[in-house]
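**Student:** Contents of data.csv (CSV, N, CA and C atoms) are given next:
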```csv
chain,number,residue,atom,x,y,z
A,1,MET,N,-75.8,-79.2,-13.3
A,1,MET,CA,-74.8,-79.1,-14.3
A,1,MET,C,-73.8,-78.0,-13.9
A,2,PRO,N,-72.5,-78.2,-13.9
A,2,PRO,CA,-71.5,-77.2,-13.5
A,2,PRO,C,-71.5,-76.0,-14.4
A,3,ARG,N,-71.3,-74.8,-13.9
A,3,ARG,CA,-71.2,-73.6,-14.7
A,3,ARG,C,-69.8,-73.6,-15.4
A,4,SER,N,-69.7,-72.9,-16.5
A,4,SER,CA,-68.4,-72.7,-17.2
A,4,SER,C,-67.6,-71.7,-16.4
A,5,PHE,N,-66.3,-71.9,-16.3
A,5,PHE,CA,-65.5,-71.0,-15.6
A,5,PHE,C,-65.3,-69.7,-16.5
A,6,GLN,N,-65.9,-69.7,-17.6
A,6,GLN,CA,-65.8,-68.4,-18.4
A,6,GLN,C,-66.8,-67.4,-18.0
A,7,GLN,N,-67.9,-67.8,-17.3
A,7,GLN,CA,-68.9,-67.0,-16.7
A,7,GLN,C,-68.9,-67.1,-15.2
A,8,VAL,N,-68.7,-66.1,-14.5
A,8,VAL,CA,-68.7,-66.2,-13.0
A,8,VAL,C,-69.5,-65.1,-12.4
A,9,PRO,N,-70.1,-65.2,-11.2
A,9,PRO,CA,-70.7,-64.1,-10.6
A,9,PRO,C,-69.7,-62.9,-10.5
A,10,THR,N,-70.1,-61.7,-10.6
A,10,THR,CA,-69.2,-60.6,-10.8
A,10,THR,C,-68.1,-60.5,-9.8
A,11,TRP,N,-68.4,-60.5,-8.6
A,11,TRP,CA,-67.5,-60.1,-7.6
A,11,TRP,C,-67.0,-58.7,-7.8
A,12,LEU,N,-67.7,-58.0,-8.7
A,12,LEU,CA,-67.4,-56.6,-8.9
A,12,LEU,C,-68.5,-55.8,-8.2
A,13,GLU,N,-68.1,-55.5,-7.0
A,13,GLU,CA,-69.0,-54.8,-6.1
A,13,GLU,C,-68.2,-53.6,-5.6
A,14,ASN,N,-68.9,-52.4,-5.5
A,14,ASN,CA,-68.2,-51.2,-5.0
A,14,ASN,C,-69.0,-50.5,-4.0
A,15,PHE,N,-68.4,-50.1,-2.9
A,15,PHE,CA,-69.1,-49.3,-1.9
A,15,PHE,C,-68.6,-47.9,-2.0
A,16,ASP,N,-69.5,-46.9,-2.0
A,16,ASP,CA,-69.0,-45.5,-2.0
A,16,ASP,C,-70.1,-44.7,-1.2
A,17,GLU,N,-69.9,-43.4,-1.2
A,17,GLU,CA,-70.8,-42.6,-0.4
A,17,GLU,C,-72.2,-42.6,-1.0
A,18,ASP,N,-72.4,-43.1,-2.2
A,18,ASP,CA,-73.8,-43.1,-2.8
A,18,ASP,C,-74.4,-44.5,-2.7
A,19,GLY,N,-73.7,-45.5,-2.1
A,19,GLY,CA,-74.3,-46.8,-1.9
A,19,GLY,C,-73.4,-47.9,-2.4
A,20,VAL,N,-74.1,-49.0,-2.7
A,20,VAL,CA,-73.4,-50.2,-3.2
A,20,VAL,C,-73.7,-50.5,-4.6
A,21,TRP,N,-72.7,-50.8,-5.4
A,21,TRP,CA,-72.9,-50.9,-6.9
A,21,TRP,C,-72.3,-52.3,-7.3
A,22,TYR,N,-72.8,-52.8,-8.4
A,22,TYR,CA,-72.3,-54.0,-9.0
A,22,TYR,C,-72.4,-53.9,-10.6
A,23,VAL,N,-71.7,-54.8,-11.3
A,23,VAL,CA,-71.8,-54.8,-12.7
A,23,VAL,C,-72.8,-55.9,-13.2
A,24,PRO,N,-73.9,-55.5,-13.8
A,24,PRO,CA,-74.8,-56.5,-14.3
A,24,PRO,C,-74.3,-57.2,-15.5
A,25,GLY,N,-74.8,-58.4,-15.7
A,25,GLY,CA,-74.4,-59.2,-16.9
A,25,GLY,C,-75.5,-60.1,-17.3
A,26,SER,N,-75.2,-61.4,-17.5
A,26,SER,CA,-76.1,-62.4,-17.9
A,26,SER,C,-77.0,-62.7,-16.7
A,27,THR,N,-78.2,-63.1,-16.9
A,27,THR,CA,-79.1,-63.6,-15.9
A,27,THR,C,-79.0,-65.1,-15.7
A,28,ALA,N,-78.7,-65.5,-14.5
A,28,ALA,CA,-78.6,-66.9,-14.2
A,28,ALA,C,-79.9,-67.6,-14.0
A,29,ASN,N,-79.9,-68.9,-14.1
A,29,ASN,CA,-81.1,-69.7,-13.8
A,29,ASN,C,-81.1,-70.0,-12.4
A,30,GLY,N,-81.9,-69.2,-11.6
A,30,GLY,CA,-81.9,-69.5,-10.2
A,30,GLY,C,-81.1,-68.5,-9.4
A,31,GLU,N,-80.8,-68.9,-8.2
A,31,GLU,CA,-80.1,-68.0,-7.2
A,31,GLU,C,-78.6,-68.0,-7.6
A,32,VAL,N,-78.0,-66.8,-7.4
A,32,VAL,CA,-76.5,-66.7,-7.5
A,32,VAL,C,-76.0,-66.3,-6.1
A,33,SER,N,-75.0,-67.1,-5.6
A,33,SER,CA,-74.4,-66.8,-4.3
A,33,SER,C,-73.0,-67.4,-4.3
A,34,TYR,N,-72.3,-66.9,-3.3
A,34,TYR,CA,-70.9,-67.4,-3.1
A,34,TYR,C,-70.9,-67.9,-1.7
A,35,VAL,N,-70.0,-68.8,-1.4
A,35,VAL,CA,-69.7,-69.2,0.0
A,35,VAL,C,-68.4,-68.6,0.3
A,36,ILE,N,-68.3,-67.6,1.2
A,36,ILE,CA,-67.1,-66.9,1.6
A,36,ILE,C,-66.8,-67.2,3.1
A,37,PHE,N,-65.7,-67.9,3.3
A,37,PHE,CA,-65.4,-68.3,4.7
A,37,PHE,C,-66.5,-69.0,5.4
A,38,GLY,N,-67.2,-69.9,4.7
A,38,GLY,CA,-68.3,-70.7,5.2
A,38,GLY,C,-69.6,-70.0,5.3
A,39,ASN,N,-69.7,-68.7,4.9
A,39,ASN,CA,-71.0,-68.0,4.9
A,39,ASN,C,-71.5,-67.7,3.5
A,40,SER,N,-72.8,-68.0,3.3
A,40,SER,CA,-73.4,-67.7,2.0
A,40,SER,C,-73.6,-66.2,1.8
A,41,ALA,N,-73.2,-65.8,0.6
A,41,ALA,CA,-73.3,-64.4,0.2
A,41,ALA,C,-74.2,-64.3,-1.1
A,42,PRO,N,-75.4,-63.9,-1.0
A,42,PRO,CA,-76.3,-63.8,-2.2
A,42,PRO,C,-75.8,-62.6,-3.1
A,43,TRP,N,-76.1,-62.8,-4.4
A,43,TRP,CA,-75.8,-61.8,-5.4
A,43,TRP,C,-77.0,-61.6,-6.3
A,44,PRO,N,-77.1,-60.5,-7.0
A,44,PRO,CA,-78.2,-60.3,-7.9
A,44,PRO,C,-78.2,-61.4,-9.0
A,45,THR,N,-79.4,-61.8,-9.5
A,45,THR,CA,-79.4,-62.9,-10.5
A,45,THR,C,-78.8,-62.5,-11.8
A,46,ASP,N,-78.7,-61.2,-12.1
A,46,ASP,CA,-78.1,-60.8,-13.4
A,46,ASP,C,-76.6,-60.4,-13.2
A,47,SER,N,-75.9,-61.0,-12.3
A,47,SER,CA,-74.5,-60.6,-12.0
A,47,SER,C,-73.4,-61.5,-12.6
A,48,GLU,N,-73.8,-62.4,-13.5
A,48,GLU,CA,-72.7,-63.2,-14.1
A,48,GLU,C,-72.1,-62.5,-15.3
A,49,ILE,N,-70.8,-62.3,-15.3
A,49,ILE,CA,-70.1,-61.6,-16.4
A,49,ILE,C,-68.9,-62.5,-16.8
A,50,PRO,N,-68.4,-62.3,-18.0
A,50,PRO,CA,-67.2,-63.0,-18.5
A,50,PRO,C,-66.0,-62.9,-17.5
A,51,LEU,N,-65.3,-63.9,-17.4
A,51,LEU,CA,-64.1,-63.9,-16.5
A,51,LEU,C,-63.1,-62.9,-17.0
A,52,VAL,N,-63.0,-62.6,-18.3
A,52,VAL,CA,-62.0,-61.6,-18.8
A,52,VAL,C,-62.4,-60.2,-18.2
A,53,GLN,N,-63.7,-59.9,-18.0
A,53,GLN,CA,-64.0,-58.6,-17.4
A,53,GLN,C,-63.6,-58.6,-15.9
A,54,VAL,N,-63.8,-59.7,-15.2
A,54,VAL,CA,-63.4,-59.7,-13.8
A,54,VAL,C,-61.9,-59.4,-13.7
A,55,LYS,N,-61.1,-60.1,-14.5
A,55,LYS,CA,-59.7,-59.9,-14.5
A,55,LYS,C,-59.3,-58.5,-14.8
A,56,ALA,N,-59.9,-57.9,-15.8
A,56,ALA,CA,-59.7,-56.5,-16.2
A,56,ALA,C,-60.0,-55.5,-15.0
A,57,ALA,N,-61.1,-55.8,-14.3
A,57,ALA,CA,-61.5,-54.9,-13.2
A,57,ALA,C,-60.5,-55.1,-12.0
A,58,VAL,N,-60.1,-56.3,-11.7
A,58,VAL,CA,-59.2,-56.5,-10.6
A,58,VAL,C,-57.8,-55.8,-10.9
A,59,ASN,N,-57.4,-55.9,-12.2
A,59,ASN,CA,-56.1,-55.3,-12.6
A,59,ASN,C,-56.2,-53.7,-12.5
A,60,HIS,N,-57.4,-53.2,-12.9
A,60,HIS,CA,-57.6,-51.7,-12.8
A,60,HIS,C,-57.6,-51.3,-11.4
A,61,PHE,N,-58.3,-52.0,-10.5
A,61,PHE,CA,-58.4,-51.7,-9.1
A,61,PHE,C,-57.0,-51.6,-8.5
A,62,ARG,N,-56.2,-52.7,-8.8
A,62,ARG,CA,-54.8,-52.8,-8.3
A,62,ARG,C,-53.9,-51.7,-8.8
A,63,GLU,N,-54.0,-51.4,-10.1
A,63,GLU,CA,-53.1,-50.4,-10.7
A,63,GLU,C,-53.5,-48.9,-10.5
A,64,HIS,N,-54.7,-48.7,-10.1
A,64,HIS,CA,-55.2,-47.3,-9.9
A,64,HIS,C,-55.7,-47.0,-8.5
A,65,ALA,N,-55.0,-47.5,-7.5
A,65,ALA,CA,-55.2,-47.2,-6.1
A,65,ALA,C,-56.7,-47.4,-5.7
A,66,GLY,N,-57.3,-48.5,-6.1
A,66,GLY,CA,-58.7,-48.8,-5.7
A,66,GLY,C,-59.8,-48.1,-6.4
A,67,GLU,N,-59.5,-47.4,-7.5
A,67,GLU,CA,-60.6,-46.7,-8.3
A,67,GLU,C,-61.5,-47.8,-8.9
A,68,ARG,N,-62.8,-47.4,-9.0
A,68,ARG,CA,-63.7,-48.3,-9.6
A,68,ARG,C,-63.4,-48.4,-11.1
A,69,TRP,N,-63.5,-49.6,-11.6
A,69,TRP,CA,-63.2,-49.9,-13.0
A,69,TRP,C,-64.2,-49.2,-13.9
A,70,VAL,N,-63.7,-48.5,-15.0
A,70,VAL,CA,-64.6,-47.8,-15.9
A,70,VAL,C,-65.0,-48.6,-17.1
A,71,GLY,N,-64.6,-49.8,-17.2
A,71,GLY,CA,-64.8,-50.7,-18.4
A,71,GLY,C,-66.2,-51.3,-18.4
A,72,ALA,N,-67.1,-51.0,-17.5
A,72,ALA,CA,-68.4,-51.5,-17.4
A,72,ALA,C,-69.4,-50.5,-16.9
A,73,GLU,N,-70.6,-50.8,-17.1
A,73,GLU,CA,-71.7,-49.9,-16.5
A,73,GLU,C,-72.1,-50.4,-15.2
A,74,TRP,N,-71.9,-49.7,-14.1
A,74,TRP,CA,-72.3,-50.1,-12.8
A,74,TRP,C,-73.7,-49.8,-12.5
A,75,LYS,N,-74.3,-50.6,-11.7
A,75,LYS,CA,-75.8,-50.5,-11.4
A,75,LYS,C,-75.9,-50.5,-9.8
A,76,PRO,N,-76.9,-49.8,-9.3
A,76,PRO,CA,-77.1,-49.9,-7.8
A,76,PRO,C,-77.5,-51.3,-7.4
A,77,TRP,N,-77.0,-51.7,-6.2
A,77,TRP,CA,-77.3,-53.0,-5.7
A,77,TRP,C,-78.8,-53.1,-5.4
A,78,PRO,N,-79.5,-54.1,-5.9
A,78,PRO,CA,-81.0,-54.2,-5.7
A,78,PRO,C,-81.4,-54.4,-4.2
A,79,GLU,N,-82.4,-53.6,-3.8
A,79,GLU,CA,-82.8,-53.7,-2.4
A,79,GLU,C,-83.3,-55.0,-2.0
A,80,GLU,N,-83.8,-55.9,-2.9
A,80,GLU,CA,-84.3,-57.2,-2.5
A,80,GLU,C,-83.2,-58.2,-2.3
A,81,VAL,N,-81.9,-57.9,-2.6
A,81,VAL,CA,-80.8,-58.8,-2.3
A,81,VAL,C,-80.1,-58.3,-1.1
A,82,PRO,N,-80.1,-59.1,0.0
A,82,PRO,CA,-79.4,-58.7,1.2
A,82,PRO,C,-77.9,-58.5,1.0
A,83,LEU,N,-77.3,-57.5,1.7
A,83,LEU,CA,-75.9,-57.3,1.7
A,83,LEU,C,-75.2,-58.1,2.8
```
Mind turning this structure into structure tokens?
**Tutor:**
Amino acid sequence: MPRSFQQVPTWLENFDEDGVWYVPGSTANGEVSYVIFGNSAPWPTDSEIPLVQVKAAVNHFREHAGERWVGAEWKPWPEEVPL
């Protein structure tokens, strides 16, 4: 069954001197991954958030010189999910 376009894997990932971060959301049934340029990229299973949050984060990043969006609680990337 196709997923709704209202819920998407976050794509809200941030690298800084303290590590890699993502915004947790709903837990998916099964594996969450993207195919980017033909390569599979796994994501944490709790990484689905509403599309409106993704848009807000992208706009904030663009308008504030790459600063991490403050409209969500960021969580460290799980060690069991490869980068």
**Student:** Counting all atoms listed in the file, what is within 8 Å of stretch 39-41 of chain A, bar same-chain residues fewer than 4 positions away, as an mmCIF file with N, CA and C atoms, in the coordinates of the input?
**Tutor:**
```cif
data_model
loop_
_atom_site.group_PDB
_atom_site.id
_atom_site.type_symbol
_atom_site.label_atom_id
_atom_site.label_comp_id
_atom_site.auth_asym_id
_atom_site.auth_seq_id
_atom_site.Cartn_x
_atom_site.Cartn_y
_atom_site.Cartn_z
ATOM 1 N N VAL A 32 -78.000 -66.800 -7.400
ATOM 2 C CA VAL A 32 -76.500 -66.700 -7.500
ATOM 3 C C VAL A 32 -76.000 -66.300 -6.100
ATOM 4 N N SER A 33 -75.000 -67.100 -5.600
ATOM 5 C CA SER A 33 -74.400 -66.800 -4.300
ATOM 6 C C SER A 33 -73.000 -67.400 -4.300
ATOM 7 N N TYR A 34 -72.300 -66.900 -3.300
ATOM 8 C CA TYR A 34 -70.900 -67.400 -3.100
ATOM 9 C C TYR A 34 -70.900 -67.900 -1.700
ATOM 10 N N VAL A 35 -70.000 -68.800 -1.400
ATOM 11 C CA VAL A 35 -69.700 -69.200 0.000
ATOM 12 C C VAL A 35 -68.400 -68.600 0.300
ATOM 13 N N PRO A 82 -80.100 -59.100 0.000
ATOM 14 C CA PRO A 82 -79.400 -58.700 1.200
ATOM 15 C C PRO A 82 -77.900 -58.500 1.000
ATOM 16 N N LEU A 83 -77.300 -57.500 1.700
ATOM 17 C CA LEU A 83 -75.900 -57.300 1.700
ATOM 18 C C LEU A 83 -75.200 -58.100 2.800
#
```
**Student:** Quick check, in Å to one decimal: how far apart do atom N of A:Pro44 and atom CA of A:Glu63 lie?
**Tutor:** 26.3 Å
**Student:** Counting only C-alpha atoms, which residue out of A:Val23, A:Ala57, A:Glu17, A:Thr45 sits closest to A:Pro76?
**Tutor:** A:Val23
**Student:** So which residues touch A:Trp74 within 7 Å, counting all atoms listed in the file, skipping near sequence neighbours fewer than 4 positions away, as a PyMOL selection string?
**Tutor:** chain A and resi 21-24
**Student:** In Å, rounded to a single decimal, give me how far atom CA of A:Trp77 is from atom CA of A:Phe15.
**Tutor:**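 Calculated distance between atom CA of A:Phe15 and atom CA of A:Trp77 is 9.8 Å.
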**Student:** Chain A: which residues are helix (DSSP H, G or I) by DSSP, as a list in words?
**Tutor:**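 Selecting the helix (DSSP H, G or I) positions of chain A gives Leu51, Val52, Gln53, Val54, Lys55, Ala56, Ala57, Val58, Asn59, His60, Phe61, Arg62 and Glu63 of chain A.
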**Student:** Going by DSSP on the backbone, which bits of chain A are strand (DSSP E)? Write them as a PyMOL selection string, please.
**Tutor:** chain A and resi 7-9+13-16+19-22+32-36+39-43+48-50+75-76
**Student:** Which is closer to A:Trp69 than all the others in A:Val81, A:Ala56, A:Ile49, A:Ala28, using only N, CA and C atoms?
**Tutor:**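 Closest residue, counting only N, CA and C atoms: A:Ala56.
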**Student:** Atom CA of A:Glu73 to atom N of A:Pro42: how many Å, to one decimal?
**Tutor:**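 Between these atoms lies a distance of 21.2 Å.
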**Student:** Taking the partial coordinates given, rebuild stretch 59-70 of chain A to contain all heavy atoms; return it as a compact mmCIF listing (two decimals), keeping the file's coordinate frame.
**Tutor:**
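Done, and the output landed in out_37.txt:
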```
# COMPACT_ATOMS: atom_id res chain seq x y z
N ASN A 59 -57.40 -55.90 -12.20
CA ASN A 59 -56.10 -55.30 -12.60
C ASN A 59 -56.20 -53.70 -12.50
O ASN A 59 -55.32 -53.05 -11.99
CB ASN A 59 -55.67 -55.68 -13.95
CG ASN A 59 -55.10 -57.08 -13.96
OD1 ASN A 59 -54.54 -57.54 -12.97
ND2 ASN A 59 -55.26 -57.77 -15.07
N HIS A 60 -57.40 -53.20 -12.90
CA HIS A 60 -57.60 -51.70 -12.80
C HIS A 60 -57.60 -51.30 -11.40
O HIS A 60 -56.94 -50.28 -11.04
CB HIS A 60 -58.88 -51.37 -13.52
CG HIS A 60 -59.17 -49.91 -13.48
ND1 HIS A 60 -58.70 -49.03 -14.42
CD2 HIS A 60 -59.85 -49.16 -12.58
CE1 HIS A 60 -59.09 -47.81 -14.12
NE2 HIS A 60 -59.80 -47.87 -12.99
N PHE A 61 -58.30 -52.00 -10.50
CA PHE A 61 -58.40 -51.70 -9.10
C PHE A 61 -57.00 -51.60 -8.50
O PHE A 61 -56.62 -50.74 -7.75
CB PHE A 61 -59.27 -52.68 -8.42
CG PHE A 61 -59.52 -52.40 -6.97
CD1 PHE A 61 -60.50 -51.50 -6.58
CD2 PHE A 61 -58.80 -53.05 -5.99
CE1 PHE A 61 -60.74 -51.24 -5.24
CE2 PHE A 61 -59.03 -52.81 -4.65
CZ PHE A 61 -60.00 -51.90 -4.28
N ARG A 62 -56.20 -52.70 -8.80
CA ARG A 62 -54.80 -52.80 -8.30
C ARG A 62 -53.90 -51.70 -8.80
O ARG A 62 -53.13 -51.10 -8.02
CB ARG A 62 -54.29 -54.17 -8.62
CG ARG A 62 -52.91 -54.47 -8.09
CD ARG A 62 -52.46 -55.87 -8.46
NE ARG A 62 -52.62 -56.22 -9.86
CZ ARG A 62 -51.77 -55.89 -10.83
NH1 ARG A 62 -50.69 -55.21 -10.56
NH2 ARG A 62 -52.00 -56.26 -12.07
N GLU A 63 -54.00 -51.40 -10.10
CA GLU A 63 -53.10 -50.40 -10.70
C GLU A 63 -53.50 -48.90 -10.50
O GLU A 63 -52.69 -48.05 -10.70
CB GLU A 63 -53.00 -50.69 -12.18
CG GLU A 63 -52.34 -52.03 -12.47
CD GLU A 63 -52.47 -52.46 -13.93
OE1 GLU A 63 -53.06 -51.71 -14.74
OE2 GLU A 63 -51.98 -53.55 -14.25
N HIS A 64 -54.70 -48.70 -10.10
CA HIS A 64 -55.20 -47.30 -9.90
C HIS A 64 -55.70 -47.00 -8.50
O HIS A 64 -56.73 -46.35 -8.33
CB HIS A 64 -56.31 -47.04 -10.95
CG HIS A 64 -55.83 -47.08 -12.35
ND1 HIS A 64 -55.87 -48.22 -13.12
CD2 HIS A 64 -55.24 -46.13 -13.12
CE1 HIS A 64 -55.36 -47.96 -14.30
NE2 HIS A 64 -54.96 -46.70 -14.32
N ALA A 65 -55.00 -47.50 -7.50
CA ALA A 65 -55.20 -47.20 -6.10
C ALA A 65 -56.70 -47.40 -5.70
O ALA A 65 -57.24 -46.56 -4.97
CB ALA A 65 -54.76 -45.78 -5.83
N GLY A 66 -57.30 -48.50 -6.10
CA GLY A 66 -58.70 -48.80 -5.70
C GLY A 66 -59.80 -48.10 -6.40
O GLY A 66 -60.93 -48.16 -5.96
N GLU A 67 -59.50 -47.40 -7.50
CA GLU A 67 -60.60 -46.70 -8.30
C GLU A 67 -61.50 -47.80 -8.90
O GLU A 67 -61.04 -48.84 -9.31
CB GLU A 67 -59.98 -45.89 -9.40
CG GLU A 67 -59.30 -44.65 -8.97
CD GLU A 67 -58.76 -43.87 -10.17
OE1 GLU A 67 -59.06 -44.24 -11.32
OE2 GLU A 67 -58.03 -42.91 -9.93
N ARG A 68 -62.80 -47.40 -9.00
CA ARG A 68 -63.70 -48.30 -9.60
C ARG A 68 -63.40 -48.40 -11.10
O ARG A 68 -63.18 -47.42 -11.76
CB ARG A 68 -65.14 -47.81 -9.37
CG ARG A 68 -66.19 -48.74 -9.91
CD ARG A 68 -67.56 -48.42 -9.41
NE ARG A 68 -67.97 -47.05 -9.65
CZ ARG A 68 -69.11 -46.55 -9.22
NH1 ARG A 68 -69.93 -47.28 -8.50
NH2 ARG A 68 -69.42 -45.30 -9.47
N TRP A 69 -63.50 -49.60 -11.60
CA TRP A 69 -63.20 -49.90 -13.00
C TRP A 69 -64.20 -49.20 -13.90
O TRP A 69 -65.42 -49.19 -13.66
CB TRP A 69 -63.27 -51.39 -13.25
CG TRP A 69 -63.00 -51.88 -14.64
CD1 TRP A 69 -61.96 -51.53 -15.43
CD2 TRP A 69 -63.76 -52.83 -15.38
NE1 TRP A 69 -62.01 -52.21 -16.61
CE2 TRP A 69 -63.12 -53.01 -16.60
CE3 TRP A 69 -64.92 -53.55 -15.10
CZ2 TRP A 69 -63.59 -53.89 -17.57
CZ3 TRP A 69 -65.38 -54.42 -16.07
CH2 TRP A 69 -64.72 -54.58 -17.28
N VAL A 70 -63.70 -48.50 -15.00
CA VAL A 70 -64.60 -47.80 -15.90
C VAL A 70 -65.00 -48.60 -17.10
O VAL A 70 -65.68 -48.06 -18.01
CB VAL A 70 -63.99 -46.42 -16.29
CG1 VAL A 70 -63.84 -45.53 -15.07
CG2 VAL A 70 -62.65 -46.63 -16.98
```
